[in-house]
Amino acid sequence: MSRLQVEDLSVSYEGSPEPAVSGLCFSLDRGESLGVVGESGSGKTQTALAIMGLLPANAKIGGSISFDGTELVGASTDLLNKFRALKIAMVFQDSTAALNPYIPIGRQLGRILLEHSLCKPGEVHDRTLAMLRKVGLPDPERQYHAYAYQLSGGMRQRVMIGAALLGEPDLLIADEPTTALDVTVQAQILRLLQELKEESGVALLFITHDLGVVAGNCQRMLVMDQGQMLEEGTTREIFASPASDKMRALLAAAPRITAPGLSLPETRADENVLEVQELSVSFAERRRFRHERLQALRPINLTLRKGETVAIVGESGSGKTSFARALVGLIRADGGRITFLGKSLPGLINARDQASHRELQMVFQDPLASLNPAMRIRDVVAEPLRVHEPRMKDHGSVVEAIMGKVGLGPELLDRYPHELSGGQAQRVAIARALILKPKAIICDEAVAALDGTVQNEILELLRAEQQRSGLALIFITHDLAVVRQISHRVLVMYMGRLCELASNNSLFSRPRHPYTKALLNAVPQPDPTATAADALLTGEVSSILNPPPGCVFHPRCRHSVAGCRDKMPELTDHEGSIVACHRAQELDLSY
Amino acid sequence: MIAVTRAIGHIRQNRTVTFCALLLVTLALLSLFGPWIGGHSNIAADFDSRLLPPALTDGHLFGTDELGRDLFVRTLYGIRITLFVAVVASLVSLGIGVLYGAVAGFVGGKVDGFMMRIVDGLYALPFIFFVILLMVAFGRSLFLIFVAIGAINWLDMARIVRGQTMSLKQRGFVDAARLIGVPTSRIIFRHITPNLLGVVVVYTTLAIPQAILMESFLSFLGLGIQEPQTSLGTLVNAGVDHMGSSSWLLVIPGTALALILICFNFLGDGLRDLADPRGKT
């Protein structure tokens, strides 16, 4: 018997001409997993909210959603409340927003049990603890009393899954449950969901934009675009022969780490744009009674050549953003030297001269935040000219030229940033960075917030500019597929230290540091036939205030030996790859 | 600019705010041109018609005071002075407060500490004592009232703007501007200040009633506007003497004062809803 049956579902909003969802039909059985895929605005979250009965009051819903024969469209709040905890549960993308910051997580979960009279008051504590243990929360007795902010993103998401499963639902809806997480943690959460599904037979409705996640976790999938269902079928079939153009486009745009890099522009080995020597960063951290130095970045060296792209990857807290911000002078470095175009650069931005402002630019992760909301796009893009070329007469034509280059029409010039889409805003930010023809741009997660197809366009844009002008790029990202696509060399960081620095091809075909290998294994492949990687990282990043002795990675390393606990490995050169691992010589981690 | 265009759109939507804004504009226009229409002089005494009650027929719509002066004309004069003092004092405090707060918040560190300690010090001054000192030292004048009210009002504005600036400073677009090499003064004027506009507009509409109250309070104590010039506060003060026998002398200017205060408060509330970033776009 079919558990969830959705027929001709439509969702529309007053005042908007296009329905958010229309004519959607699908069914989902117990023990099955269905992936709903589409770009932002395709209606996938609206579908989930409709099933949960959580649509806002101004939404109009049509069609039918039945669960075990009970109609949910137009059902009373009482009925829906009963269904929501005990039959259908949901895990949200933003676990910070979904947990109450004022109540310890154990008590929050306990309240769910009490609210639905799922157990006697005396058993609440034990039941909650058992659930926390089941979802793999480390040290559950202690975390029971923790507040949401004290947990890492991965741990919060485990708690959310635990909360959803307390009522032993038959259907679990997961709305982008891993989008905000690092790849390694994402892999752990996905595995947990799979295990829970096999154990309890719960049906999974997986909403995601990431084809890799669908390929590895869903038997069936459904492709949505602009509120319409384009196709539905088994994941293998759709990946093998997609029927719709949209799915073909999504597949083509899906980032893969197995694909060889595109033809990258030649680098000029003789011309160094940027040299970083022993750059280090620390922050003062106040803990209870004393001050401690948090060593965010250990001394690190890097040389960037003309026309070269160096990618910096690592989990959150690896020090990659501190590195970028110290490089451009937004935060004070503890020590080290930065040489840019042959001249030594002062540490802080205010002490740097106008010439270096001109030649070294940065593009930020959140395009909307990096554009002044009170300025028109025209003024945003022209601002570098006003500062650096005050005597130039015709700013307007230069601005229009650069806008054309990044693929934006002149009609956007008089708009304000909040009237743009994410992709358009990031193009504006790139136009602003390019307008003075800099020698180097530092991109801090510059494409992380964008949909796959838009992401590809932005990367292509940067690559074309590199080809034309010999622009040097430092690309900070947690997305290895992006790294594969655009970088000449890759720098892998862990807890403020360099793990491995290697060329693109050798890093992806023959990683030499176990951490690099673990990162690569954790990337979900947009290929349902790929065998799941077994060597997943366990645990989470150690506390940077209290780093483990010896090699900082050894507590999570599958290959660690006794010696790893004694001292931090030196950087050594292995056929051009620079690696910090005691066993780099003996281990063979190649694919 | 964006805040202003949005504000106008929002004012149109909200009936209460529209009504209050229109009422204030009407009162302001009346106070400017009304005395001509009223047909009576503001200051000329007429001892034949003292303490006449309000009536439609004898030409004294709101009646007369103990010197036979037409209360309609005097109330309009009062509104004029009261609005003038309030708006000018608020604008003065706005100019000083925004600049001071933005600089303190943006520069930060020791400069911020020093500037804000000055603000704390001024807060600690007892207001009435301060005014009396000023009056004793310089004699009474309209200008001194501006100084006194402005000197107190800008402190709040400076604190609010400083707080806003400190949070704006953390935003990505300020980092982006610094990386381009935009000079600090230009960052403050082009990037910080326009984004403060929403908060500042709201706070100003809320500061105006505060200034009105202060002026009325000073006038009521006899420290403010002096006869024969008048403000609503002075009129209320005079009305209190005749509360028992000729209540209109208190009720009419009092009502006008209350009306203006309520209008500004509603206006401020409406604008505050709008400045909330989670509000409508």
# chains A, B, ... in the order shown; residues from 1 in each chain; ligands from 1
call {"tool": "residues_around", "arguments": {"residues": "Ser185 in chain B", "least_positions_apart": "3", "cutoff": "12 Å", "atoms": "only C-alpha atoms", "output": "list in words"}}
result
Leu99, Ala102, Val103, Phe106, Val107, Ala177, Arg178, Gly181, Val182, Ile188, Phe189, Arg190, His191, Ile192 and Thr193 of chain B
call {"tool": "interface_residues", "arguments": {"of": "chain B", "to": "chain A", "cutoff": "7 Å", "atoms": "only C-alpha atoms", "output": "short mmCIF file (atom, residue, chain, number, x, y, z; two decimals) with C-alpha atoms, in the first residue's frame"}}
result
data_model
loop_
_atom_site.label_atom_id
_atom_site.label_comp_id
_atom_site.auth_asym_id
_atom_site.auth_seq_id
_atom_site.Cartn_x
_atom_site.Cartn_y
_atom_site.Cartn_z
CA ILE B 2 16.09 54.11 -1.19
CA ARG B 171 29.13 44.17 6.83
CA GLY B 172 30.76 42.88 3.69
CA PHE B 173 30.26 46.00 1.63
CA ALA B 176 34.76 45.62 -0.05
CA LEU B 179 39.78 46.79 -0.30
CA ILE B 180 39.11 49.09 -3.22
CA GLY B 181 41.00 51.77 -1.32
CA VAL B 182 38.07 54.08 -0.60
CA HIS B 191 28.62 53.83 2.64
CA PRO B 194 23.05 56.37 3.65
CA ASN B 195 22.42 53.07 5.38
#
call {"tool": "residues_around", "arguments": {"residues": "Asp70 in chain B", "least_positions_apart": "4", "cutoff": "7 Å", "atoms": "only C-alpha atoms", "output": "list in words"}}
result
His40, His60, Gly63, Thr64, Asp65 and Arg74 of chain B
call {"tool": "write_last_selection", "arguments": {"atoms": "N, CA and C atoms", "output": "PDB file, in the first residue's frame"}}
result
ATOM      1  N   HIS B  40      -7.378  88.920  14.032  1.00  0.00           N
ATOM      2  CA  HIS B  40      -7.041  89.585  15.275  1.00  0.00           C
ATOM      3  C   HIS B  40      -5.536  89.638  15.423  1.00  0.00           C
ATOM      4  N   HIS B  60     -14.531  85.546  17.989  1.00  0.00           N
ATOM      5  CA  HIS B  60     -13.504  84.869  18.780  1.00  0.00           C
ATOM      6  C   HIS B  60     -13.854  83.400  18.886  1.00  0.00           C
ATOM      7  N   GLY B  63     -12.537  81.964  21.851  1.00  0.00           N
ATOM      8  CA  GLY B  63     -12.658  82.827  23.014  1.00  0.00           C
ATOM      9  C   GLY B  63     -11.432  83.726  23.163  1.00  0.00           C
ATOM     10  N   THR B  64     -11.327  84.399  24.319  1.00  0.00           N
ATOM     11  CA  THR B  64     -10.201  85.312  24.562  1.00  0.00           C
ATOM     12  C   THR B  64      -9.606  85.044  25.933  1.00  0.00           C
ATOM     13  N   ASP B  65      -8.409  85.576  26.134  1.00  0.00           N
ATOM     14  CA  ASP B  65      -7.756  85.379  27.433  1.00  0.00           C
ATOM     15  C   ASP B  65      -8.006  86.581  28.351  1.00  0.00           C
ATOM     16  N   ARG B  74      -3.712  83.187  19.040  1.00  0.00           N
ATOM     17  CA  ARG B  74      -2.588  82.882  19.938  1.00  0.00           C
ATOM     18  C   ARG B  74      -2.234  81.400  19.898  1.00  0.00           C
TER      19      ARG B  74
END
call {"tool": "closest_atom_pairs", "arguments": {"of": "range 152-253 of chain B", "to": "range 48-54 of chain B", "cutoff": "12 Å", "atoms": "only C-alpha atoms", "output": "tab-separated table"}}
result
residue	atom	partner	partner_atom	distance
B:Gly239	CA	B:Leu51	CA	11.0
B:His242	CA	B:Leu51	CA	9.3
B:Met243	CA	B:Leu51	CA	11.9
B:Ser245	CA	B:Leu51	CA	9.3
B:Ser246	CA	B:Leu51	CA	7.0
B:Ser247	CA	B:Pro53	CA	9.0
B:Trp248	CA	B:Pro53	CA	7.2
B:Leu249	CA	B:Leu51	CA	8.7
B:Val251	CA	B:Pro54	CA	11.3
B:Ile252	CA	B:Pro54	CA	9.8
call {"tool": "write_last_selection", "arguments": {"atoms": "N, CA and C atoms", "output": "mmCIF file, in the first residue's frame"}}
result
data_model
loop_
_atom_site.group_PDB
_atom_site.id
_atom_site.type_symbol
_atom_site.label_atom_id
_atom_site.label_comp_id
_atom_site.auth_asym_id
_atom_site.auth_seq_id
_atom_site.Cartn_x
_atom_site.Cartn_y
_atom_site.Cartn_z
ATOM 1 N N GLY B 239 -3.078 79.153 31.006
ATOM 2 C CA GLY B 239 -4.416 78.571 31.169
ATOM 3 C C GLY B 239 -4.622 77.983 32.549
ATOM 4 N N HIS B 242 -6.444 80.012 35.111
ATOM 5 C CA HIS B 242 -7.889 80.220 34.971
ATOM 6 C C HIS B 242 -8.646 78.912 34.842
ATOM 7 N N MET B 243 -8.009 77.844 35.301
ATOM 8 C CA MET B 243 -8.560 76.513 35.115
ATOM 9 C C MET B 243 -9.991 76.410 35.617
ATOM 10 N N SER B 245 -12.381 78.857 36.256
ATOM 11 C CA SER B 245 -13.438 79.691 35.691
ATOM 12 C C SER B 245 -13.481 79.652 34.169
ATOM 13 N N SER B 246 -12.327 79.705 33.515
ATOM 14 C CA SER B 246 -12.295 79.763 32.055
ATOM 15 C C SER B 246 -11.471 78.593 31.513
ATOM 16 N N SER B 247 -12.074 77.392 31.567
ATOM 17 C CA SER B 247 -11.305 76.181 31.293
ATOM 18 C C SER B 247 -10.768 76.147 29.867
ATOM 19 N N TRP B 248 -11.446 76.848 28.911
ATOM 20 C CA TRP B 248 -10.974 76.771 27.516
ATOM 21 C C TRP B 248 -9.538 77.255 27.339
ATOM 22 N N LEU B 249 -9.106 78.142 28.227
ATOM 23 C CA LEU B 249 -7.738 78.651 28.125
ATOM 24 C C LEU B 249 -6.704 77.542 28.342
ATOM 25 N N VAL B 251 -7.780 74.015 28.035
ATOM 26 C CA VAL B 251 -8.170 72.855 27.231
ATOM 27 C C VAL B 251 -7.732 73.004 25.777
ATOM 28 N N ILE B 252 -7.938 74.192 25.198
ATOM 29 C CA ILE B 252 -7.655 74.321 23.757
ATOM 30 C C ILE B 252 -6.165 74.189 23.432
#
call {"tool": "select_by_dssp", "arguments": {"residues": "range 34-129 of chain B", "states": "helix (DSSP H, G or I)", "output": "number ranges by chain"}}
result
B: 34-38, 47-49, 71-107, 109-124, 127-129
call {"tool": "residues_around", "arguments": {"residues": "Met135 in chain B", "least_positions_apart": "3", "cutoff": "12 Å", "atoms": "only C-alpha atoms", "output": "PyMOL selection string"}}
result
chain B and resi 128-132+138-145+147-148+218+222-225
call {"tool": "closest_residue", "arguments": {"among": "A:Ser200, A:Ser10, A:Thr70, A:Ser152", "to": "Ser542 in chain A", "atoms": "only C-alpha atoms"}}
result
A:Ser152
call {"tool": "residues_around", "arguments": {"residues": "range 226-236 of chain B", "least_positions_apart": "4", "cutoff": "6 Å", "atoms": "only C-alpha atoms", "output": "number ranges by chain"}}
result
B: 78, 81-82, 216, 219-220, 250, 253
call {"tool": "residues_around", "arguments": {"residues": "Asp182 in chain A", "least_positions_apart": "4", "cutoff": "7 Å", "atoms": "only C-alpha atoms", "output": "PyMOL selection string"}}
result
chain A and resi 186+315-316
call {"tool": "select_by_dssp", "arguments": {"residues": "range 425-567 of chain A", "states": "strand (DSSP E)", "output": "number ranges by chain"}}
result
A: 440-444, 472-476, 489-494, 497-503
call {"tool": "residues_around", "arguments": {"residues": "Ala284 in chain A", "least_positions_apart": "5", "cutoff": "12 Å", "atoms": "only C-alpha atoms", "output": "mmCIF file with C-alpha atoms, in the first residue's frame"}}
result
data_model
loop_
_atom_site.group_PDB
_atom_site.id
_atom_site.type_symbol
_atom_site.label_atom_id
_atom_site.label_comp_id
_atom_site.auth_asym_id
_atom_site.auth_seq_id
_atom_site.Cartn_x
_atom_site.Cartn_y
_atom_site.Cartn_z
ATOM 1 C CA ARG A 290 42.059 34.057 31.098
ATOM 2 C CA HIS A 291 42.913 35.123 27.600
ATOM 3 C CA GLU A 292 44.143 32.578 25.159
ATOM 4 C CA ARG A 293 45.576 32.916 21.706
ATOM 5 C CA LEU A 294 43.651 30.986 19.122
ATOM 6 C CA GLN A 295 46.161 30.083 16.446
ATOM 7 C CA ALA A 296 43.919 30.322 13.386
ATOM 8 C CA ARG A 332 46.324 41.788 11.362
ATOM 9 C CA ASP A 334 51.048 37.927 13.649
ATOM 10 C CA LEU A 545 42.287 25.983 21.297
#
call {"tool": "atom_distance", "arguments": {"atom1": "CA of His513 in chain A", "atom2": "CA of Val561 in chain A"}}
result
14.1 Å
call {"tool": "closest_residue", "arguments": {"among": "B:Trp154, B:Phe114, B:Tyr77, B:Tyr123", "to": "Leu29 in chain B", "atoms": "only C-alpha atoms"}}
result
B:Tyr77
call {"tool": "atom_distance", "arguments": {"atom1": "CA of Met495 in chain A", "atom2": "CA of Pro548 in chain A"}}
result
10.6 Å
